[in-house]
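Structure file coords-v1.cif (mmCIF, C-alpha atoms) follows.
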data_structure
#
loop_
_atom_site.group_PDB
_atom_site.id
_atom_site.type_symbol
_atom_site.label_atom_id
_atom_site.label_comp_id
_atom_site.auth_asym_id
_atom_site.auth_seq_id
_atom_site.Cartn_x
_atom_site.Cartn_y
_atom_site.Cartn_z
ATOM 1 C CA MET R 221 -185.714 -113.045 -121.681
ATOM 2 C CA ALA R 222 -186.735 -116.094 -119.632
ATOM 3 C CA GLU R 223 -184.980 -114.599 -116.629
ATOM 4 C CA ASP R 224 -186.986 -111.388 -117.044
ATOM 5 C CA SER R 225 -190.207 -113.404 -117.243
ATOM 6 C CA ASP R 226 -189.321 -115.223 -114.013
ATOM 7 C CA ALA R 227 -188.606 -111.897 -112.350
ATOM 8 C CA LEU R 228 -191.944 -110.444 -113.447
ATOM 9 C CA ALA R 229 -193.753 -113.562 -112.227
ATOM 10 C CA ALA R 230 -192.028 -113.263 -108.851
ATOM 11 C CA MET R 231 -193.004 -109.598 -108.672
ATOM 12 C CA GLU R 232 -196.654 -110.310 -109.522
ATOM 13 C CA LYS R 233 -196.935 -112.629 -106.526
ATOM 14 C CA ILE R 234 -196.329 -109.815 -104.065
ATOM 15 C CA LEU R 235 -198.261 -107.017 -105.781
ATOM 16 C CA SER R 236 -201.587 -105.761 -104.488
ATOM 17 C CA PRO R 237 -204.592 -107.044 -106.492
ATOM 18 C CA HIS R 238 -205.239 -103.589 -107.934
ATOM 19 C CA CYS R 239 -201.732 -103.433 -109.475
ATOM 20 C CA ARG R 240 -200.547 -104.901 -112.765
ATOM 21 C CA VAL R 241 -196.983 -105.170 -114.040
ATOM 22 C CA THR R 242 -196.004 -104.877 -117.719
ATOM 23 C CA ARG R 243 -192.615 -105.630 -119.241
ATOM 24 C CA MET R 244 -190.966 -102.613 -120.899
ATOM 25 C CA SER R 245 -187.869 -102.377 -123.093
ATOM 26 C CA ASP R 246 -185.908 -100.811 -120.237
ATOM 27 C CA GLY R 247 -187.499 -102.596 -117.275
ATOM 28 C CA ALA R 248 -191.082 -102.841 -116.043
ATOM 29 C CA LEU R 249 -194.066 -100.594 -115.403
ATOM 30 C CA ILE R 250 -196.424 -101.158 -112.469
ATOM 31 C CA ALA R 251 -199.910 -99.735 -113.016
ATOM 32 C CA ASP R 252 -201.757 -98.918 -109.785
ATOM 33 C CA TRP R 253 -205.383 -98.730 -110.931
ATOM 34 C CA LYS R 254 -206.696 -97.966 -107.457
ATOM 35 C CA ARG R 255 -204.718 -94.722 -107.204
ATOM 36 C CA THR R 256 -204.418 -94.155 -110.976
ATOM 37 C CA ARG R 257 -200.652 -93.886 -110.958
ATOM 38 C CA PHE R 258 -197.642 -95.702 -112.381
ATOM 39 C CA LEU R 259 -194.303 -96.861 -110.999
ATOM 40 C CA GLY R 260 -191.329 -97.630 -113.225
ATOM 41 C CA LEU R 261 -188.549 -100.102 -112.433
ATOM 42 C CA ALA R 262 -185.255 -100.401 -114.281
ATOM 43 C CA THR R 263 -184.176 -103.745 -115.751
ATOM 44 C CA THR R 264 -181.547 -104.212 -113.041
ATOM 45 C CA GLU R 265 -184.189 -103.709 -110.346
ATOM 46 C CA VAL R 266 -186.551 -106.198 -111.962
ATOM 47 C CA GLN R 267 -183.820 -108.850 -112.200
ATOM 48 C CA LYS R 268 -183.079 -108.518 -108.491
ATOM 49 C CA PHE R 269 -186.380 -110.294 -107.774
ATOM 50 C CA THR R 270 -184.809 -113.566 -108.944
ATOM 51 C CA SER R 271 -181.037 -113.058 -109.076
ATOM 52 C CA GLY R 272 -180.437 -110.435 -106.404
ATOM 53 C CA ILE R 273 -179.238 -111.137 -102.878
ATOM 54 C CA PRO R 274 -181.911 -111.317 -100.126
ATOM 55 C CA GLU R 275 -181.059 -107.817 -98.887
ATOM 56 C CA GLU R 276 -181.656 -106.368 -102.369
ATOM 57 C CA ARG R 277 -184.988 -108.147 -102.750
ATOM 58 C CA ALA R 278 -186.060 -107.014 -99.283
ATOM 59 C CA GLU R 279 -185.206 -103.429 -100.195
ATOM 60 C CA LEU R 280 -187.319 -103.617 -103.358
ATOM 61 C CA VAL R 281 -190.271 -105.171 -101.511
ATOM 62 C CA THR R 282 -190.046 -102.445 -98.870
ATOM 63 C CA GLY R 283 -190.160 -99.852 -101.642
ATOM 64 C CA LEU R 284 -193.287 -101.442 -103.119
ATOM 65 C CA LEU R 285 -194.916 -101.516 -99.680
ATOM 66 C CA ARG R 286 -194.223 -97.830 -99.150
ATOM 67 C CA ALA R 287 -195.589 -97.024 -102.601
ATOM 68 C CA GLY R 288 -198.801 -98.922 -101.805
ATOM 69 C CA CYS R 289 -198.177 -101.450 -104.571
ATOM 70 C CA ALA R 290 -197.728 -104.445 -102.266
ATOM 71 C CA PRO R 291 -199.856 -105.412 -99.265
ATOM 72 C CA GLY R 292 -198.474 -106.110 -95.847
ATOM 73 C CA ARG R 293 -199.198 -109.343 -94.070
ATOM 74 C CA ARG R 294 -202.775 -110.370 -94.713
ATOM 75 C CA LYS R 295 -205.120 -109.586 -91.873
ATOM 76 C CA LYS R 296 -207.049 -112.404 -90.305
ATOM 77 C CA TYR R 297 -210.789 -112.403 -90.657
ATOM 78 C CA PRO R 298 -212.142 -110.673 -87.520
ATOM 79 C CA ASP R 299 -214.879 -112.834 -86.021
ATOM 80 C CA ALA R 300 -217.120 -109.875 -85.218
ATOM 81 C CA GLY R 301 -216.864 -108.616 -88.811
ATOM 82 C CA VAL R 302 -217.807 -112.006 -90.240
ATOM 83 C CA GLY R 303 -220.841 -112.232 -87.976
ATOM 84 C CA ARG R 304 -222.126 -108.780 -88.908
ATOM 85 C CA ARG R 305 -221.659 -109.382 -92.620
ATOM 86 C CA LEU R 306 -223.318 -112.799 -92.404
ATOM 87 C CA SER R 307 -226.400 -111.316 -90.738
ATOM 88 C CA GLY R 308 -226.489 -108.458 -93.246
ATOM 89 C CA VAL R 309 -226.292 -110.836 -96.204
ATOM 90 C CA HIS R 310 -229.059 -112.986 -94.742
ATOM 91 C CA LEU R 311 -231.381 -109.989 -94.335
ATOM 92 C CA LEU R 312 -230.545 -108.860 -97.876
ATOM 93 C CA ILE R 313 -231.434 -112.277 -99.293
ATOM 94 C CA ARG R 314 -234.718 -112.323 -97.376
ATOM 95 C CA THR R 315 -235.554 -108.799 -98.568
ATOM 96 C CA LEU R 316 -234.469 -108.922 -102.221
ATOM 97 C CA GLY R 317 -234.471 -112.639 -102.924
ATOM 98 C CA PHE R 318 -231.512 -114.926 -103.604
ATOM 99 C CA GLY R 319 -231.563 -114.475 -107.377
ATOM 100 C CA ARG R 320 -231.427 -110.698 -107.185
ATOM 101 C CA VAL R 321 -228.584 -110.816 -104.649
ATOM 102 C CA LEU R 322 -226.609 -113.054 -107.015
ATOM 103 C CA ARG R 323 -227.053 -110.504 -109.794
ATOM 104 C CA LEU R 324 -225.695 -107.796 -107.476
ATOM 105 C CA LEU R 325 -222.554 -109.743 -106.572
ATOM 106 C CA PRO R 326 -220.314 -108.057 -109.204
ATOM 107 C CA LEU R 327 -220.892 -104.768 -107.366
ATOM 108 C CA ALA R 328 -219.631 -106.196 -104.068
ATOM 109 C CA ALA R 329 -216.983 -108.593 -105.371
ATOM 110 C CA PRO R 330 -214.249 -106.967 -107.511
ATOM 111 C CA GLY R 331 -213.116 -108.726 -110.660
ATOM 112 C CA TYR R 332 -209.382 -108.556 -110.022
ATOM 113 C CA VAL R 333 -207.545 -111.516 -108.558
ATOM 114 C CA ARG R 334 -204.182 -111.911 -106.851
ATOM 115 C CA ALA R 335 -201.421 -113.863 -108.532
ATOM 116 C CA ASP R 336 -200.849 -116.025 -105.444
ATOM 117 C CA PRO R 337 -203.588 -118.604 -104.788
ATOM 118 C CA PRO R 338 -205.566 -118.664 -101.539
ATOM 119 C CA SER R 339 -204.050 -120.902 -98.897
ATOM 120 C CA ALA R 340 -206.007 -123.739 -97.313
ATOM 121 C CA GLU R 341 -205.185 -122.247 -93.911
ATOM 122 C CA GLU R 342 -206.712 -118.877 -94.770
ATOM 123 C CA VAL R 343 -209.855 -120.335 -96.358
ATOM 124 C CA GLY R 344 -210.173 -122.812 -93.498
ATOM 125 C CA ARG R 345 -210.023 -119.987 -90.946
ATOM 126 C CA LEU R 346 -212.783 -118.132 -92.775
ATOM 127 C CA LYS R 347 -214.854 -121.316 -93.043
ATOM 128 C CA ARG R 348 -214.663 -121.908 -89.290
ATOM 129 C CA ALA R 349 -215.669 -118.300 -88.599
ATOM 130 C CA VAL R 350 -218.616 -118.335 -91.027
ATOM 131 C CA LEU R 351 -220.002 -121.694 -89.874
ATOM 132 C CA SER R 352 -219.512 -120.839 -86.200
ATOM 133 C CA HIS R 353 -221.442 -117.572 -86.467
ATOM 134 C CA SER R 354 -224.089 -119.161 -88.665
ATOM 135 C CA SER R 355 -224.799 -122.000 -86.240
ATOM 136 C CA ARG R 356 -224.991 -119.642 -83.250
ATOM 137 C CA SER R 357 -227.231 -117.094 -84.950
ATOM 138 C CA TRP R 358 -231.004 -117.555 -84.549
ATOM 139 C CA LEU R 359 -231.399 -115.317 -87.615
ATOM 140 C CA VAL R 360 -229.080 -117.138 -90.026
ATOM 141 C CA ASN R 361 -229.473 -120.593 -88.475
ATOM 142 C CA GLY R 362 -227.218 -122.469 -90.902
ATOM 143 C CA ASP R 363 -228.617 -120.955 -94.112
ATOM 144 C CA CYS R 364 -226.267 -122.128 -96.873
ATOM 145 C CA LYS R 365 -227.116 -119.216 -99.186
ATOM 146 C CA SER R 366 -226.028 -116.633 -96.613
ATOM 147 C CA GLU R 367 -222.888 -118.601 -95.766
ATOM 148 C CA ALA R 368 -221.872 -119.015 -99.414
ATOM 149 C CA VAL R 369 -222.468 -115.382 -100.389
ATOM 150 C CA THR R 370 -220.684 -114.048 -97.284
ATOM 151 C CA ALA R 371 -217.654 -116.245 -97.898
ATOM 152 C CA PHE R 372 -217.563 -115.358 -101.589
ATOM 153 C CA VAL R 373 -217.648 -111.599 -100.981
ATOM 154 C CA LEU R 374 -215.017 -111.704 -98.215
ATOM 155 C CA LEU R 375 -212.646 -113.808 -100.306
ATOM 156 C CA ARG R 376 -213.080 -111.798 -103.494
ATOM 157 C CA ARG R 377 -212.664 -108.462 -101.688
ATOM 158 C CA ARG R 378 -209.222 -109.736 -100.679
ATOM 159 C CA GLY R 379 -208.459 -110.496 -104.306
ATOM 160 C CA LEU R 380 -208.566 -114.268 -103.757
ATOM 161 C CA ARG R 381 -209.915 -116.733 -106.291
ATOM 162 C CA ALA R 382 -213.372 -117.974 -105.369
ATOM 163 C CA VAL R 383 -216.366 -119.423 -107.205
ATOM 164 C CA LEU R 384 -219.907 -119.461 -105.854
ATOM 165 C CA HIS R 385 -221.923 -122.514 -106.915
ATOM 166 C CA VAL R 386 -225.637 -123.195 -106.773
ATOM 167 C CA GLY R 387 -226.415 -126.888 -107.068
ATOM 168 C CA VAL R 388 -229.458 -129.106 -107.316
ATOM 169 C CA ARG R 389 -230.322 -132.590 -106.087
ATOM 170 C CA GLU R 390 -233.195 -134.450 -107.752
ATOM 171 C CA HIS R 391 -234.195 -137.131 -105.218
ATOM 172 C CA PRO R 392 -235.465 -135.691 -102.980
ATOM 173 C CA PHE R 393 -235.393 -132.319 -104.722
ATOM 174 C CA ALA R 394 -233.274 -129.666 -102.973
ATOM 175 C CA LEU R 395 -231.092 -126.656 -103.750
ATOM 176 C CA HIS R 396 -227.775 -125.874 -102.106
ATOM 177 C CA ALA R 397 -225.191 -123.059 -102.371
ATOM 178 C CA TRP R 398 -221.487 -123.088 -101.549
ATOM 179 C CA THR R 399 -218.301 -121.167 -102.337
ATOM 180 C CA ASP R 400 -215.202 -122.986 -103.541
ATOM 181 C CA SER R 401 -211.743 -121.514 -102.873
ATOM 182 C CA GLY R 402 -208.307 -122.979 -102.237
ATOM 183 C CA GLY R 403 -209.649 -126.525 -102.427
ATOM 184 C CA LEU R 404 -212.205 -125.953 -99.644
ATOM 185 C CA CYS R 405 -215.949 -125.307 -99.775
ATOM 186 C CA ILE R 406 -217.930 -122.903 -97.563
ATOM 187 C CA PRO R 407 -220.233 -124.495 -96.518
ATOM 188 C CA ASP R 408 -219.567 -128.102 -97.552
ATOM 189 C CA SER R 409 -220.608 -128.901 -101.117
ATOM 190 C CA ASP R 410 -222.171 -132.210 -100.043
ATOM 191 C CA PRO R 411 -223.908 -131.673 -96.681
ATOM 192 C CA ARG R 412 -224.737 -134.929 -94.907
ATOM 193 C CA GLY R 413 -223.168 -136.816 -97.806
ATOM 194 C CA HIS R 414 -225.735 -135.648 -100.381
ATOM 195 C CA ALA R 415 -224.133 -134.646 -103.685
ATOM 196 C CA PHE R 416 -225.410 -131.590 -105.547
ATOM 197 C CA THR R 417 -224.893 -130.949 -109.256
ATOM 198 C CA PRO R 418 -223.848 -127.328 -109.949
ATOM 199 C CA VAL R 419 -226.320 -125.532 -112.224
ATOM 200 C CA LEU R 420 -224.896 -122.022 -111.740
ATOM 201 C CA SER R 421 -221.342 -120.832 -111.035
ATOM 202 C CA ILE R 422 -220.277 -117.238 -110.416
ATOM 203 C CA ASP R 423 -216.708 -115.931 -110.227
ATOM 204 C CA CYS R 424 -217.150 -112.218 -111.160
ATOM 205 C CA GLY R 425 -214.357 -112.488 -113.697
ATOM 206 C CA GLY R 426 -211.833 -113.611 -111.105
ATOM 207 C CA GLN R 427 -210.850 -116.891 -112.712
#

Would you encode the structure as structure tokens?
Amino acid sequence: MAEDSDALAAMEKILSPHCRVTRMSDGALIADWKRTRFLGLATTEVQKFTSGIPEERAELVTGLLRAGCAPGRRKKYPDAGVGRRLSGVHLLIRTLGFGRVLRLLPLAAPGYVRADPPSAEEVGRLKRAVLSHSSRSWLVNGDCKSEAVTAFVLLRRRGLRAVLHVGVREHPFALHAWTDSGGLCIPDSDPRGHAFTPVLSIDCGGQ
């Protein structure tokens, strides 16, 4: 039983965020909610994820890739795409207001989350892209709200754990927004060394 649990845990790490695996009496069932279909695996196939030889595991992973139940290598964040989304988010905040945009986040950020945590390298790459575009844009011009919302949406749309925080500082009074993921914050949670106390945190059900 413990071996089966280990095998299911290993399988969950490679599944797409829209797929869920459930243990069955004769193996496992993968539910693909994006395509509304199911894929069954026999007990022997499930056990190969932990006890099989590398060639057997590779064959199973290839099968999941072909079935659309496992993603290929994660794509890097294209710089041009980050810049366009950052500008769009900024205009949306200016048009609707920050509070209303926060209420709309569940529509843009899906609630599912991948089993594997976001890597510091991946979040760091996104952070560099967001801050670089923000500092070069006369429109965004380092606006923390736009940076935090953009980062949050991009991370959550990849099924990665992320939490958007809105914090306050009393003396002198100021508000600040940032997204926390993989141990990094986009933008920094304490700009210029000033600490902000979170008063609102949003994860869209992804935690």

Handout entry: Pick from R:His396, R:Arg334, R:Lys254, R:Arg389, whichever lies nearest to R:Arg376 using only C-alpha atoms
Key =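 Looking at the shortest contact to R:Arg376, the residue is R:Arg334.
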
Handout entry: Residue nearest R:Leu384 among R:Ala287, R:Leu316, R:Cys405, R:Leu280 (counting all atoms listed in the file)
Key =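 Between R:Ala287, R:Leu316, R:Cys405, R:Leu280, the residue approaching R:Leu384 most closely is R:Cys405.
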
Could you state which residues are captured by the PyMOL selection byres ((chain R and resi 419) around 12) in this file, as a tab-separated table (two decimals) with C-alpha atoms, in the frame of the given file?
chain	number	residue	atom	x	y	z
R	384	LEU	CA	-219.91	-119.46	-105.85
R	385	HIS	CA	-221.92	-122.51	-106.92
R	386	VAL	CA	-225.64	-123.20	-106.77
R	387	GLY	CA	-226.42	-126.89	-107.07
R	388	VAL	CA	-229.46	-129.11	-107.32
R	389	ARG	CA	-230.32	-132.59	-106.09
R	395	LEU	CA	-231.09	-126.66	-103.75
R	396	HIS	CA	-227.78	-125.87	-102.11
R	397	ALA	CA	-225.19	-123.06	-102.37
R	398	TRP	CA	-221.49	-123.09	-101.55
R	416	PHE	CA	-225.41	-131.59	-105.55
R	417	THR	CA	-224.89	-130.95	-109.26
R	418	PRO	CA	-223.85	-127.33	-109.95
R	420	LEU	CA	-224.90	-122.02	-111.74
R	421	SER	CA	-221.34	-120.83	-111.04
R	422	ILE	CA	-220.28	-117.24	-110.42

Handout entry: All residues 8 Å or closer to stretch 344-355 of chain R, only C-alpha atoms, same chain fewer than 3 positions away omitted, as a list in words
Key =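 The contact residues come out as Tyr297, Asp299, Val302, Gly303, Leu306, Ala340, Glu341, Trp358, Val360, Asn361, Gly362, Asp363, Glu367, Thr370, Ala371, Leu404, Cys405, Ile406 and Pro407 of chain R.
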
Problem - Nearest-residue call for R:Lys233, choices R:Asp336, R:Asp246, R:Glu342, R:Asp423, using all atoms listed in the file - result: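 Among R:Asp336, R:Asp246, R:Glu342, R:Asp423, it is R:Asp336 that comes nearest to R:Lys233.
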
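The coordinates place atom CA of R:His238 at 6.1 Å from atom CA of R:Asp252.
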
Handout entry: stretch 255-269 of chain R surroundings by all atoms listed in the file, 8 Å radius, close-in-sequence under 2 positions cut, as a ChimeraX atom specification
Key = /R:223-224,227-228,230-231,246-253,271-273,276-277,280

Exercise for the section: Name the residues captured by the PyMOL selection byres ((chain R and resi 322) around 10) when it is applied to the shown file; answer as a list in words. Expected result: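 Evaluating the PyMOL selection byres ((chain R and resi 322) around 10) on this file yields Ile313, Gly317, Phe318, Gly319, Arg320, Val321, Arg323, Leu324, Leu325, Pro326, Lys365, Val369, Leu384 and Ile422 of chain R.
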
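Our summary of the geometry notes that atom CA of R:Met244 is positioned 11.4 Å from atom CA of R:Ser225.
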
Completion exercise
Judged by all atoms listed in the file, the minimum distance to R:Gly308 among R:Val281, R:Pro337, R:Cys289, R:Leu359 is found for R:Leu359

Practice task
Would you work out the distance separating atom CA of R:Glu275 from atom CA of R:Ala290, expressed in Å to one decimal?
Solution key: 17.3 Å

Exercise for the section: List the residues matched by the PyMOL selection byres ((chain R and resi 377) around 12) in the displayed structure as a ChimeraX atom specification, ordered by chain and then by residue number. Expected result: /R:236-238,297,325-334,370-376,378-382,424,426

Practice task
Tell me which of R:Ala368, R:Arg286, R:Thr270, R:Pro291 sits closest to R:Arg305, counting all atoms listed in the file.
Solution key: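 Checking each candidate against R:Arg305, we get R:Ala368 as the closest.
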
Is it possible to get the axis-aligned box enclosing stretch 362-376 of chain R (all listed atoms, 6 Å extra per side) as lines of an AutoDock Vina configuration file, with centre and edge lengths in Å rounded to one decimal?
center_x = -220.6
center_y = -117.0
center_z = -97.2
size_x = 28.0
size_y = 22.9
size_z = 24.6

Could you pull stretch 237-284 of chain R out of the structure I just pasted and write it to a file containing C-alpha atoms, as a CSV table (one decimal), in the first residue's frame?
chain,number,residue,atom,x,y,z
R,237,PRO,CA,-2.3,20.9,-13.5
R,238,HIS,CA,-5.7,20.1,-15.0
R,239,CYS,CA,-5.2,16.3,-14.3
R,240,ARG,CA,-5.9,14.5,-11.1
R,241,VAL,CA,-5.0,10.9,-10.2
R,242,THR,CA,-7.1,8.6,-8.0
R,243,ARG,CA,-6.1,5.2,-6.6
R,244,MET,CA,-8.4,2.4,-7.8
R,245,SER,CA,-8.6,-1.3,-6.6
R,246,ASP,CA,-7.0,-2.4,-9.9
R,247,GLY,CA,-4.6,0.5,-10.5
R,248,ALA,CA,-5.2,4.3,-10.9
R,249,LEU,CA,-7.5,6.6,-12.8
R,250,ILE,CA,-6.3,9.9,-14.2
R,251,ALA,CA,-9.1,12.5,-14.7
R,252,ASP,CA,-8.3,15.1,-17.4
R,253,TRP,CA,-10.7,17.9,-16.5
R,254,LYS,CA,-9.6,20.1,-19.3
R,255,ARG,CA,-10.6,17.6,-22.0
R,256,THR,CA,-13.3,15.9,-19.8
R,257,ARG,CA,-11.8,12.4,-20.3
R,258,PHE,CA,-10.3,9.7,-18.2
R,259,LEU,CA,-7.2,7.4,-18.5
R,260,GLY,CA,-6.9,4.2,-16.6
R,261,LEU,CA,-3.6,2.6,-15.5
R,262,ALA,CA,-3.2,-1.0,-14.3
R,263,THR,CA,-1.5,-1.6,-10.9
R,264,THR,CA,1.7,-2.9,-12.6
R,265,GLU,CA,1.9,0.3,-14.6
R,266,VAL,CA,1.5,2.5,-11.6
R,267,GLN,CA,4.2,0.6,-9.7
R,268,LYS,CA,6.7,1.1,-12.5
R,269,PHE,CA,6.8,4.8,-11.5
R,270,THR,CA,8.9,3.8,-8.4
R,271,SER,CA,10.1,0.3,-8.9
R,272,GLY,CA,10.4,0.0,-12.7
R,273,ILE,CA,13.6,0.3,-14.7
R,274,PRO,CA,14.3,3.8,-16.2
R,275,GLU,CA,13.2,2.6,-19.7
R,276,GLU,CA,9.8,1.5,-18.3
R,277,ARG,CA,9.3,4.8,-16.6
R,278,ALA,CA,10.3,6.7,-19.7
R,279,GLU,CA,7.8,4.7,-21.7
R,280,LEU,CA,5.0,5.5,-19.3
R,281,VAL,CA,5.9,9.3,-19.2
R,282,THR,CA,5.9,9.3,-23.0
R,283,GLY,CA,2.5,7.8,-23.0
R,284,LEU,CA,1.2,10.5,-20.6
